[in-house]
$ cat run_38.cif   # mmCIF, C-alpha atoms
data_work
#
loop_
_atom_site.label_atom_id
_atom_site.label_comp_id
_atom_site.auth_asym_id
_atom_site.auth_seq_id
_atom_site.Cartn_x
_atom_site.Cartn_y
_atom_site.Cartn_z
CA MET A 545 50.42 6.48 22.82
CA VAL A 546 46.67 6.52 23.55
CA SER A 547 44.12 6.77 20.75
CA VAL A 548 41.19 9.00 21.66
CA ASP A 549 37.87 8.68 19.87
CA PRO A 550 36.49 12.22 19.47
CA LEU A 551 32.98 10.78 19.27
CA ALA A 552 33.25 8.67 22.42
CA THR A 553 30.95 10.94 24.43
CA GLU A 554 28.71 11.97 21.52
CA ARG A 555 25.05 10.96 21.89
CA TRP A 556 24.79 9.95 18.24
CA ARG A 557 28.27 8.43 18.00
CA SER A 558 27.09 5.19 16.40
CA VAL A 559 25.44 7.04 13.52
CA ARG A 560 28.16 9.66 13.20
CA ARG A 561 30.81 6.99 12.80
CA LEU A 562 29.01 6.27 9.55
CA THR A 563 28.35 9.86 8.48
CA ASP A 564 31.63 11.50 9.57
CA ARG A 565 34.09 8.91 8.25
CA ASP A 566 35.12 7.71 4.83
CA THR A 567 33.75 4.37 3.67
CA ALA A 568 34.30 1.93 0.83
CA TYR A 569 30.53 1.75 0.28
CA LYS A 570 29.98 5.48 -0.31
CA VAL A 571 28.54 7.00 -3.45
CA PRO A 572 31.03 9.08 -5.48
CA TRP A 573 29.70 12.42 -4.26
CA PHE A 574 29.85 11.54 -0.54
CA ASN A 575 32.02 13.82 1.60
CA PRO A 576 32.48 12.70 5.22
CA GLY A 577 31.79 15.27 7.90
CA PRO A 578 29.28 16.58 10.47
CA LYS A 579 27.06 18.10 7.77
CA ASN A 580 25.86 14.63 6.81
CA PHE A 581 24.35 14.00 10.22
CA GLU A 582 22.90 17.52 10.16
CA ALA A 583 21.10 16.50 6.97
CA VAL A 584 19.60 13.51 8.80
CA GLN A 585 18.31 15.76 11.55
CA ASN A 586 16.82 18.31 9.16
CA VAL A 587 15.24 16.10 6.51
CA LYS A 588 11.42 15.80 6.61
CA VAL A 589 10.18 12.21 6.52
CA LEU A 590 6.64 10.86 6.23
CA VAL A 591 5.84 7.40 7.59
CA ILE A 592 2.61 5.92 6.25
CA GLY A 593 1.17 3.36 8.64
CA ALA A 594 1.61 3.05 12.40
CA GLY A 595 1.00 -0.67 12.74
CA GLY A 596 3.50 -3.51 13.05
CA LEU A 597 5.93 -2.07 10.51
CA GLY A 598 5.14 1.54 11.35
CA CYS A 599 5.99 1.18 15.04
CA GLU A 600 9.35 -0.35 14.17
CA LEU A 601 10.00 2.33 11.54
CA LEU A 602 9.24 5.22 13.88
CA LYS A 603 11.51 3.77 16.55
CA ASN A 604 14.35 3.12 14.11
CA LEU A 605 14.15 6.55 12.49
CA ALA A 606 14.04 8.39 15.80
CA LEU A 607 17.02 6.43 17.17
CA SER A 608 18.94 7.09 13.93
CA GLY A 609 18.75 10.84 14.45
CA PHE A 610 15.78 11.83 12.30
CA ARG A 611 14.06 14.69 14.12
CA SER A 612 11.26 15.80 11.78
CA ILE A 613 8.85 12.92 11.22
CA ASP A 614 5.18 12.85 10.26
CA VAL A 615 3.08 9.71 10.60
CA ILE A 616 -0.32 9.07 9.04
CA ASP A 617 -2.72 6.25 9.93
CA MET A 618 -6.51 6.11 10.03
CA ASP A 619 -6.72 3.07 12.30
CA THR A 620 -7.33 2.76 16.03
CA ILE A 621 -5.56 0.45 18.47
CA ASP A 622 -7.04 -2.99 19.06
CA VAL A 623 -6.04 -5.31 21.88
CA SER A 624 -4.76 -7.82 19.30
CA ASN A 625 -2.12 -5.26 18.23
CA LEU A 626 -0.34 -5.22 21.58
CA ASN A 627 1.75 -8.38 21.08
CA ARG A 628 3.89 -6.76 18.37
CA GLN A 629 3.06 -3.04 18.09
CA PHE A 630 5.21 -2.13 21.06
CA LEU A 631 4.53 1.62 21.12
CA PHE A 632 1.03 0.87 22.44
CA ARG A 633 -0.24 -0.20 25.87
CA GLU A 634 -3.51 -1.72 27.05
CA ALA A 635 -4.74 1.72 28.16
CA ASP A 636 -4.36 2.91 24.54
CA VAL A 637 -6.94 0.49 23.11
CA GLY A 638 -9.46 2.44 21.04
CA LYS A 639 -7.19 5.44 20.54
CA SER A 640 -5.59 6.64 17.31
CA LYS A 641 -2.50 4.66 16.33
CA ALA A 642 -0.82 7.68 14.76
CA GLU A 643 -1.39 9.94 17.77
CA VAL A 644 -0.31 7.41 20.40
CA ALA A 645 2.77 6.36 18.43
CA ALA A 646 3.82 9.98 17.88
CA ALA A 647 3.44 10.85 21.56
CA PHE A 648 5.37 7.74 22.67
CA VAL A 649 8.35 8.44 20.39
CA GLU A 650 8.50 12.11 21.35
CA GLN A 651 8.50 11.16 25.02
CA ARG A 652 11.25 8.55 24.69
CA VAL A 653 13.59 10.28 22.21
CA SER A 654 14.31 13.87 23.20
CA GLY A 655 14.59 16.32 20.32
CA CYS A 656 12.52 14.20 17.94
CA HIS A 657 9.32 15.86 16.77
CA VAL A 658 6.62 13.54 15.40
CA THR A 659 3.42 14.98 13.91
CA ALA A 660 0.43 12.64 13.82
CA HIS A 661 -2.30 12.61 11.17
CA ASN A 662 -5.30 10.47 12.10
CA CYS A 663 -6.87 10.18 8.65
CA ARG A 664 -6.77 8.37 5.33
CA ILE A 665 -3.89 9.06 2.97
CA GLU A 666 -6.47 10.05 0.35
CA ASP A 667 -7.60 12.90 2.61
CA LYS A 668 -4.34 14.80 2.05
CA ASP A 669 -3.74 16.97 -1.00
CA PRO A 670 -0.62 17.03 -3.22
CA ASP A 671 0.85 20.00 -1.34
CA PHE A 672 0.97 17.90 1.81
CA TYR A 673 3.08 15.18 0.19
CA ARG A 674 5.21 17.66 -1.72
CA LYS A 675 6.84 18.99 1.47
CA PHE A 676 8.61 15.71 2.34
CA SER A 677 12.07 14.65 1.22
CA MET A 678 11.16 10.96 1.37
CA ILE A 679 8.15 8.80 2.16
CA ILE A 680 8.36 5.44 3.90
CA CYS A 681 5.43 3.02 3.67
CA GLY A 682 4.56 0.39 6.25
CA LEU A 683 1.22 -0.57 4.72
CA ASP A 684 -0.82 -3.78 4.74
CA SER A 685 -2.95 -2.70 1.76
CA ILE A 686 -2.13 -3.00 -1.94
CA PRO A 687 -4.69 -0.35 -2.99
CA ALA A 688 -3.12 2.12 -0.53
CA ARG A 689 0.33 1.40 -1.97
CA ARG A 690 -0.98 1.99 -5.47
CA TRP A 691 -2.62 5.25 -4.43
CA ILE A 692 0.50 6.80 -2.86
CA ASN A 693 2.58 5.48 -5.76
CA GLY A 694 0.27 7.29 -8.19
CA MET A 695 0.34 10.45 -6.10
CA LEU A 696 4.16 10.60 -6.08
CA CYS A 697 4.30 9.94 -9.82
CA ASP A 698 1.83 12.80 -10.38
CA LEU A 699 4.07 15.14 -8.38
CA VAL A 700 6.97 14.61 -10.81
CA LEU A 701 7.27 17.49 -13.28
CA GLU A 702 8.92 17.18 -16.68
CA ASN A 703 11.64 19.24 -18.30
CA ALA A 704 11.21 20.72 -21.77
CA ASP A 705 12.79 17.61 -23.31
CA GLY A 706 10.31 15.32 -21.55
CA THR A 707 12.74 13.99 -18.93
CA PRO A 708 11.70 14.05 -15.25
CA ASP A 709 12.68 17.12 -13.23
CA MET A 710 14.93 15.54 -10.58
CA SER A 711 14.07 18.21 -8.01
CA THR A 712 10.44 17.08 -8.01
CA ILE A 713 11.15 13.39 -7.40
CA ILE A 714 10.28 12.20 -3.88
CA PRO A 715 11.79 8.75 -3.20
CA MET A 716 9.47 6.16 -1.72
CA ILE A 717 10.77 3.38 0.51
CA ASP A 718 8.23 0.58 0.70
CA GLY A 719 8.26 -2.29 3.16
CA GLY A 720 5.90 -5.25 3.30
CA THR A 721 5.60 -8.41 5.36
CA GLU A 722 3.58 -11.58 5.04
CA GLY A 723 4.12 -14.08 7.82
CA PHE A 724 7.76 -15.17 7.72
CA LYS A 725 8.44 -13.36 4.43
CA GLY A 726 9.07 -9.72 3.71
CA ASN A 727 10.45 -7.23 1.21
CA ALA A 728 11.85 -3.72 1.07
CA ARG A 729 12.34 -1.55 -1.97
CA VAL A 730 13.35 1.95 -3.02
CA ILE A 731 11.28 3.65 -5.74
CA TYR A 732 12.20 6.81 -7.61
CA PRO A 733 8.88 7.84 -9.21
CA LYS A 734 9.04 7.81 -13.03
CA MET A 735 12.73 6.86 -12.84
CA SER A 736 12.64 3.28 -11.57
CA ALA A 737 10.09 0.47 -11.43
CA CYS A 738 7.06 1.66 -9.46
CA ILE A 739 4.37 -0.30 -7.63
CA ASP A 740 2.18 -0.64 -10.72
CA CYS A 741 5.16 -1.55 -12.92
CA THR A 742 5.51 -4.66 -10.76
CA ILE A 743 1.87 -5.22 -9.83
CA ASP A 744 2.25 -8.92 -10.64
CA LEU A 745 4.44 -9.25 -7.54
CA TYR A 746 1.18 -8.96 -5.61
CA PRO A 747 -0.88 -12.03 -6.59
CA PRO A 748 -4.66 -11.59 -6.69
CA GLN A 749 -6.14 -12.40 -3.30
CA VAL A 750 -7.86 -15.77 -3.09
CA ASN A 751 -11.64 -15.80 -2.79
CA PHE A 752 -13.65 -18.68 -1.37
CA PRO A 753 -15.97 -20.47 -3.83
CA LEU A 754 -19.49 -19.06 -3.44
CA CYS A 755 -21.05 -22.53 -3.51
CA THR A 756 -18.93 -23.53 -0.51
CA ILE A 757 -19.64 -20.51 1.66
CA ALA A 758 -23.35 -20.54 0.75
CA HIS A 759 -24.17 -24.23 1.10
CA THR A 760 -21.37 -26.22 2.76
CA PRO A 761 -19.36 -23.93 5.07
CA ARG A 762 -16.64 -25.81 6.93
CA LEU A 763 -14.35 -23.08 8.25
CA PRO A 764 -14.95 -20.00 10.41
CA GLU A 765 -13.63 -17.94 7.48
CA HIS A 766 -16.51 -19.26 5.35
CA CYS A 767 -19.02 -17.82 7.83
CA VAL A 768 -17.46 -14.37 7.72
CA GLU A 769 -17.14 -14.41 3.94
CA TYR A 770 -20.81 -15.39 3.57
CA ILE A 771 -21.94 -12.36 5.55
CA LYS A 772 -19.58 -10.18 3.54
CA VAL A 773 -20.50 -11.25 0.00
CA VAL A 774 -24.11 -12.45 0.40
CA VAL A 775 -25.86 -11.01 3.44
CA TRP A 776 -24.41 -7.47 3.36
CA PRO A 777 -25.42 -6.79 -0.31
CA GLU A 778 -28.88 -8.26 0.36
CA GLN A 779 -29.69 -6.44 3.59
CA LYS A 780 -27.80 -3.20 2.77
CA PRO A 781 -27.19 -2.17 6.41
CA PHE A 782 -26.13 1.33 7.46
CA GLU A 783 -28.37 2.92 4.83
CA GLY A 784 -26.78 0.97 1.99
CA ALA A 785 -23.19 1.97 2.78
CA ALA A 786 -20.36 -0.05 1.24
CA LEU A 787 -18.69 -2.42 3.68
CA ASP A 788 -15.71 -0.68 5.30
CA ALA A 789 -13.33 -3.13 7.01
CA ASP A 790 -11.85 -0.23 9.00
CA ASP A 791 -15.22 0.82 10.48
CA PRO A 792 -15.71 -0.85 13.91
CA GLU A 793 -19.50 -0.78 13.55
CA HIS A 794 -19.34 -2.53 10.18
CA VAL A 795 -16.95 -5.16 11.56
CA GLU A 796 -19.25 -5.74 14.55
CA TRP A 797 -22.27 -6.20 12.24
CA VAL A 798 -20.42 -8.80 10.18
CA LEU A 799 -19.13 -10.52 13.33
CA GLN A 800 -22.62 -10.95 14.80
CA GLY A 801 -23.94 -12.36 11.54
CA ALA A 802 -20.98 -14.74 11.23
CA LEU A 803 -21.49 -15.97 14.81
CA LEU A 804 -25.10 -16.87 14.05
CA ARG A 805 -24.08 -18.75 10.90
CA ALA A 806 -21.26 -20.52 12.73
CA GLU A 807 -23.71 -21.64 15.42
CA LYS A 808 -26.09 -22.99 12.76
CA TYR A 809 -23.36 -25.17 11.21
CA ASN A 810 -21.61 -25.99 14.50
CA ILE A 811 -18.39 -24.20 13.46
CA ARG A 812 -16.04 -22.81 16.08
CA GLY A 813 -13.43 -20.07 15.89
CA VAL A 814 -15.36 -16.99 14.76
CA ASP A 815 -14.17 -13.97 16.73
CA ARG A 816 -13.43 -10.29 16.14
CA ARG A 817 -9.80 -10.86 15.19
CA LEU A 818 -10.66 -13.51 12.58
CA THR A 819 -13.50 -11.37 11.21
CA SER A 820 -11.23 -8.37 10.77
CA GLY A 821 -8.57 -10.59 9.19
CA VAL A 822 -10.98 -12.04 6.62
CA LEU A 823 -12.45 -8.64 5.76
CA LYS A 824 -9.00 -7.12 5.26
CA ARG A 825 -7.42 -10.31 3.84
CA ILE A 826 -4.84 -10.13 6.64
CA ILE A 827 -2.16 -12.80 7.05
CA PRO A 828 -0.99 -13.06 10.69
CA ALA A 829 2.04 -10.85 11.30
CA VAL A 830 5.34 -12.06 12.74
CA ALA A 831 7.15 -9.51 14.90
CA SER A 832 10.65 -10.59 13.89
CA THR A 833 9.81 -10.17 10.18
CA ASN A 834 8.52 -6.67 10.87
CA ALA A 835 11.75 -5.85 12.73
CA VAL A 836 14.01 -6.99 9.87
CA ILE A 837 12.06 -5.19 7.13
CA ALA A 838 11.69 -2.00 9.17
CA ALA A 839 15.44 -2.03 9.84
CA SER A 840 16.09 -2.39 6.10
CA CYS A 841 13.77 0.53 5.33
CA ALA A 842 15.34 2.75 8.01
CA LEU A 843 18.81 1.94 6.68
CA GLU A 844 17.71 2.95 3.17
CA ALA A 845 16.36 6.21 4.59
CA LEU A 846 19.74 6.88 6.23
CA LYS A 847 21.50 6.18 2.92
CA LEU A 848 19.23 8.57 1.03
CA ALA A 849 19.73 11.33 3.61
CA THR A 850 23.54 11.06 3.81
CA ASN A 851 24.89 9.19 0.73
CA ILE A 852 26.97 6.95 3.02
CA ALA A 853 26.20 4.02 0.68
CA LYS A 854 24.25 3.22 -2.48
CA PRO A 855 20.55 2.40 -1.98
CA ILE A 856 19.48 -1.11 -2.85
CA ASP A 857 18.85 -1.73 -6.54
CA ASN A 858 16.02 -2.11 -6.06
CA TYR A 859 14.02 -4.91 -4.41
CA LEU A 860 15.11 -6.86 -1.32
CA ASN A 861 13.53 -10.20 -0.49
CA PHE A 862 13.67 -11.70 3.01
CA THR A 863 12.46 -15.05 4.29
CA GLN A 864 12.98 -16.86 7.58
CA ILE A 865 11.03 -20.04 7.00
CA HIS A 866 14.08 -22.33 6.90
CA GLY A 867 16.78 -20.12 8.40
CA ALA A 868 17.24 -16.50 7.39
CA TYR A 869 17.75 -15.67 3.72
CA THR A 870 17.97 -12.38 1.82
CA SER A 871 18.52 -11.45 -1.80
CA VAL A 872 18.31 -8.30 -3.91
CA VAL A 873 16.91 -8.25 -7.42
CA SER A 874 16.65 -5.34 -9.86
CA MET A 875 13.11 -4.78 -11.08
CA SER A 876 12.77 -3.23 -14.54
CA LYS A 877 10.48 -0.34 -15.34
CA ASP A 878 7.42 -1.35 -17.37
CA GLU A 879 7.30 0.84 -20.47
CA ASN A 880 3.53 0.21 -20.65
CA CYS A 881 2.84 1.12 -17.02
CA HIS A 882 -0.24 3.36 -16.96
CA VAL A 883 1.05 5.24 -13.89
CA CYS A 884 4.54 6.01 -15.20
CA ASN A 885 3.31 6.88 -18.68
CA GLY A 886 0.54 9.33 -17.85
CA GLY A 887 -2.37 6.89 -17.92
CA ARG A 888 -2.67 6.49 -21.73
CA LEU A 889 -2.03 3.05 -23.16
CA PRO A 890 -2.63 1.35 -26.50
CA ILE A 891 -4.25 -2.07 -26.33
CA GLU A 892 -4.58 -4.61 -29.12
CA VAL A 893 -7.78 -6.66 -29.30
CA SER A 894 -9.23 -9.02 -31.87
CA SER A 895 -12.46 -8.34 -33.75
CA THR A 896 -14.13 -11.19 -31.83
CA TYR A 897 -13.47 -9.54 -28.43
CA THR A 898 -16.55 -8.82 -26.36
CA LEU A 899 -16.75 -6.17 -23.67
CA GLU A 900 -16.68 -8.97 -21.09
CA ASP A 901 -13.43 -10.30 -22.58
CA LEU A 902 -11.87 -6.86 -22.27
CA ILE A 903 -13.02 -6.42 -18.67
CA ASN A 904 -11.69 -9.84 -17.65
CA ARG A 905 -8.35 -9.03 -19.26
CA LEU A 906 -8.12 -5.69 -17.46
CA MET A 907 -9.12 -7.17 -14.09
CA GLU A 908 -6.40 -9.80 -14.37
CA ARG A 909 -3.74 -7.38 -15.62
CA TYR A 910 -4.38 -4.52 -13.21
CA HIS A 911 -5.96 -6.41 -10.27
CA LEU A 912 -9.20 -4.43 -10.54
CA LYS A 913 -12.22 -5.02 -8.31
CA ASN A 914 -15.24 -3.28 -9.85
CA PRO A 915 -14.16 -1.34 -12.95
CA THR A 916 -16.21 1.28 -14.75
CA LEU A 917 -15.68 1.65 -18.51
CA GLU A 918 -16.90 4.60 -20.56
CA THR A 919 -16.29 6.40 -23.81
CA ALA A 920 -16.69 10.10 -24.49
CA GLN A 921 -20.30 9.39 -25.51
CA ARG A 922 -21.61 6.91 -22.91
CA LYS A 923 -20.93 4.51 -20.08
CA LEU A 924 -20.26 0.97 -21.25
CA PHE A 925 -20.10 -0.79 -17.91
CA CYS A 926 -20.94 0.56 -14.45
CA ILE A 927 -22.18 -1.41 -11.44
CA SER A 928 -22.78 1.09 -8.65
CA LEU A 929 -25.39 1.87 -6.02
CA LEU A 930 -25.19 5.47 -7.23
CA PHE A 931 -26.38 4.50 -10.73
CA PRO A 932 -28.81 1.55 -10.32
CA GLN A 933 -30.42 2.34 -13.70
CA LEU A 934 -27.15 1.45 -15.46
CA GLU A 935 -26.84 -2.07 -14.04
CA GLU A 936 -29.14 -3.84 -16.49
CA GLU A 937 -27.68 -1.97 -19.47
CA SER A 938 -24.14 -2.77 -18.30
CA LYS A 939 -24.88 -6.47 -18.00
CA ALA A 940 -26.41 -6.49 -21.49
CA ASN A 941 -23.34 -4.74 -22.90
CA LEU A 942 -21.05 -7.51 -21.66
CA HIS A 943 -22.00 -9.75 -24.59
CA LEU A 944 -21.55 -7.09 -27.28
CA PHE A 945 -18.57 -7.20 -29.62
CA LEU A 946 -16.15 -4.34 -29.06
CA LYS A 947 -16.16 -3.56 -32.78
CA ASP A 948 -19.89 -2.78 -32.47
CA ILE A 949 -19.27 -0.38 -29.57
CA VAL A 950 -16.11 1.51 -30.51
CA ALA A 951 -14.10 2.15 -33.65
CA ASP A 952 -10.42 1.47 -34.23
CA GLY A 953 -8.43 4.19 -32.46
CA ASP A 954 -11.23 5.17 -30.09
CA GLU A 955 -10.45 5.61 -26.40
CA ILE A 956 -12.08 3.93 -23.40
CA LEU A 957 -11.68 5.39 -19.91
CA VAL A 958 -11.24 2.74 -17.17
CA SER A 959 -11.63 3.65 -13.50
CA ASP A 960 -11.63 1.51 -10.37
CA GLU A 961 -11.25 1.99 -6.61
CA VAL A 962 -7.78 0.40 -6.66
CA LEU A 963 -6.43 2.79 -9.29
CA ALA A 964 -4.85 6.06 -8.24
CA ARG A 965 -5.86 7.49 -11.59
CA ALA A 966 -8.08 6.36 -14.46
CA ILE A 967 -6.55 4.51 -17.41
CA THR A 968 -7.23 5.69 -20.95
CA LEU A 969 -7.09 2.78 -23.42
CA ARG A 970 -6.66 3.39 -27.11
CA ILE A 971 -8.30 0.47 -28.90
CA ASN A 972 -6.39 -1.11 -31.79
CA PHE A 973 -8.17 -3.96 -33.60
CA VAL A 974 -5.90 -6.67 -35.01
#
$ encode --input "run_38.cif" --output "structure tokens"
Amino acid sequence: MVSVDPLATERWRSVRRLTDRDTAYKVPWFNPGPKNFEAVQNVKVLVIGAGGLGCELLKNLALSGFRSIDVIDMDTIDVSNLNRQFLFREADVGKSKAEVAAAFVEQRVSGCHVTAHNCRIEDKDPDFYRKFSMIICGLDSIPARRWINGMLCDLVLENADGTPDMSTIIPMIDGGTEGFKGNARVIYPKMSACIDCTIDLYPPQVNFPLCTIAHTPRLPEHCVEYIKVVVWPEQKPFEGAALDADDPEHVEWVLQGALLRAEKYNIRGVDRRLTSGVLKRIIPAVASTNAVIAASCALEALKLATNIAKPIDNYLNFTQIHGAYTSVVSMSKDENCHVCNGGRLPIEVSSTYTLEDLINRLMERYHLKNPTLETAQRKLFCISLLFPQLEEESKANLHLFLKDIVADGDEILVSDEVLARAITLRINFV
């Protein structure tokens, strides 16, 4: 008697053996059958980022049967990308990552349609994100993660009893790598721990001491940092524009300044790649780490689309420093998360608190860069080229006691470039 596999000649047989058959890992409502793979082919997926992780993600999704994929990335291809971002070739240098990646995948995987968006994620409105069934992030930026996290939380509507409307929840699969370490996680906005609930997982990025970079530079990184934090604010190039690490002209300006400083102190190693890395706080990527994390994210996407198995609960760690090691931990939702709870938070402060004490506390807690604080009546602290007249007043306010500025129960609005939405603090003196 000969056993015949009905899927032996099927193009997607490897995937359909998961979607068409019963499994011990299924969720209770899983029903095996062809309709599960049809769901994979019809679901709309957005991939954010077309770099090291993004290239792997697009390849994995397309080869898993996903046919309706959008990819968004504002960056262009650099020659340093070619060693690990395998969808690109030398002839593609200078072109849009999103557009080249989309064209490559469409050419190699017949039936897969990939729509490219060469822009910032902030350029898209809520209706754009609302049309996707899931969003997968392959980002190298914490502020970008926080922004899309806030956007997806804002899209969640509430029922009359205050519970989230499940039909408005768009799951987010987030992958991240750092050298030989990586992580993958599944986030259900307002249902599970979000990016800002676990912001402490992302330690504040280390800055070089100003005295070192200004007077005794020893490393090529010191030269780049000096141009970034000292020379750029002093000379205000490009008509006083803020330094944009994604703008090639800005990077070139910093590079030329860093080369001159490196020559003065006889320091070697300043080049475009290092300059871009310092400006973006980039840790060198490892291709094998990208491959493992992207595979984990693609597998979670397949689970969400078909229910063949439970998604991870809810944070996977991976390291390959001393052998390969993985573990999954369950992150708890922060009941005081300003993103999950609509942006209004009570905060207890002592009567001896100054405005500076409050700002330092907020910067450490929420990883802020240049916060602006204001009440309904006036701005308390604002350092901005748009409002130079407020700088002196803001600096003077730093030493004032909070009790002399606001009353118990008053609200202070806190905004910052890293926040997807402003935070409203209700002051409680203790």
$ resolve_selection --input "run_38.cif" --expression "the PyMOL selection byres ((chain A and resi 714-726) around 6)" --output "list in words"
Ser677, Met678, Ile679, Ile680, Cys681, Gly682, Ile713, Asn727, Ala728, Arg729, Val730, Ile731, Tyr732, Pro828, Ala829, Val830, Thr833, Phe862, Thr863, Gln864 and Ile865 of chain A
$ closest_residue --input "run_38.cif" --among "A:Leu818, A:Leu696, A:Leu957, A:Ile971" --to "Pro890 in chain A" --atoms "only C-alpha atoms"
A:Ile971
$ residues_around --input "run_38.cif" --residues "Ser608 in chain A" --least-positions-apart "4" --cutoff "10 Å" --atoms "only C-alpha atoms" --output "list of chain:residue names"
A:Trp556, A:Ser558, A:Val559, A:Arg560, A:Phe581, A:Val584, A:Gln585, A:Leu602, A:Lys603, A:Asn604, A:Ala842, A:Leu843, A:Ala845, A:Leu846
$ closest_residue --input "run_38.cif" --among "A:Glu702, A:Asp791, A:Asp740, A:Glu807" --to "Pro761 in chain A" --atoms "all atoms listed in the file"
A:Glu807
$ resolve_selection --input "run_38.cif" --expression "the PyMOL selection byres ((chain A and resi 790) around 12)" --output "ChimeraX atom specification"
/A:617-622,663-664,685,786-789,791-796,819-821,823-824
$ atom_distance --input "run_38.cif" --atom1 "CA of Glu892 in chain A" --atom2 "CA of Ser928 in chain A"
28.0 Å
$ resolve_selection --input "run_38.cif" --expression "the PyMOL selection byres ((chain A and resi 772) around 12)" --output "PyMOL selection string"
chain A and resi 751-752+754+757-758+765-771+773-781+786-789+794-802+819-820+822-824
$ residues_around --input "run_38.cif" --residues "Val644 in chain A" --least-positions-apart "2" --cutoff "12 Å" --atoms "only C-alpha atoms" --output "ChimeraX atom specification"
/A:594-595,599,602,615-617,619-621,629-642,646-651,658-662
$ closest_residue --input "run_38.cif" --among "A:Val591, A:Asn880, A:Arg817, A:Val974" --to "Asn625 in chain A" --atoms "all atoms listed in the file"
A:Arg817
$ atom_distance --input "run_38.cif" --atom1 "CA of Thr567 in chain A" --atom2 "CA of Ile852 in chain A"
7.3 Å
$ closest_residue --input "run_38.cif" --among "A:Ser840, A:Thr898, A:Asn851, A:Asn834" --to "Asp566 in chain A" --atoms "only C-alpha atoms"
A:Asn851
$ residues_near_point --input "run_38.cif" --point "(-6.1, 1.9, -17.0)" --cutoff "8 Å" --atoms "only C-alpha atoms" --output "PyMOL selection string"
chain A and resi 882+887-889+906+910+957-959+963+965-969
$ atom_distance --input "run_38.cif" --atom1 "CA of Val873 in chain A" --atom2 "CA of Tyr859 in chain A"
5.3 Å
$ closest_residue --input "run_38.cif" --among "A:Ser895, A:Asn885, A:Ser832, A:Ser612" --to "Asn627 in chain A" --atoms "all atoms listed in the file"
A:Ser832
$ closest_residue --input "run_38.cif" --among "A:Asp857, A:Asp952, A:Ile686, A:Ile592" --to "Leu745 in chain A" --atoms "only C-alpha atoms"
A:Ile686
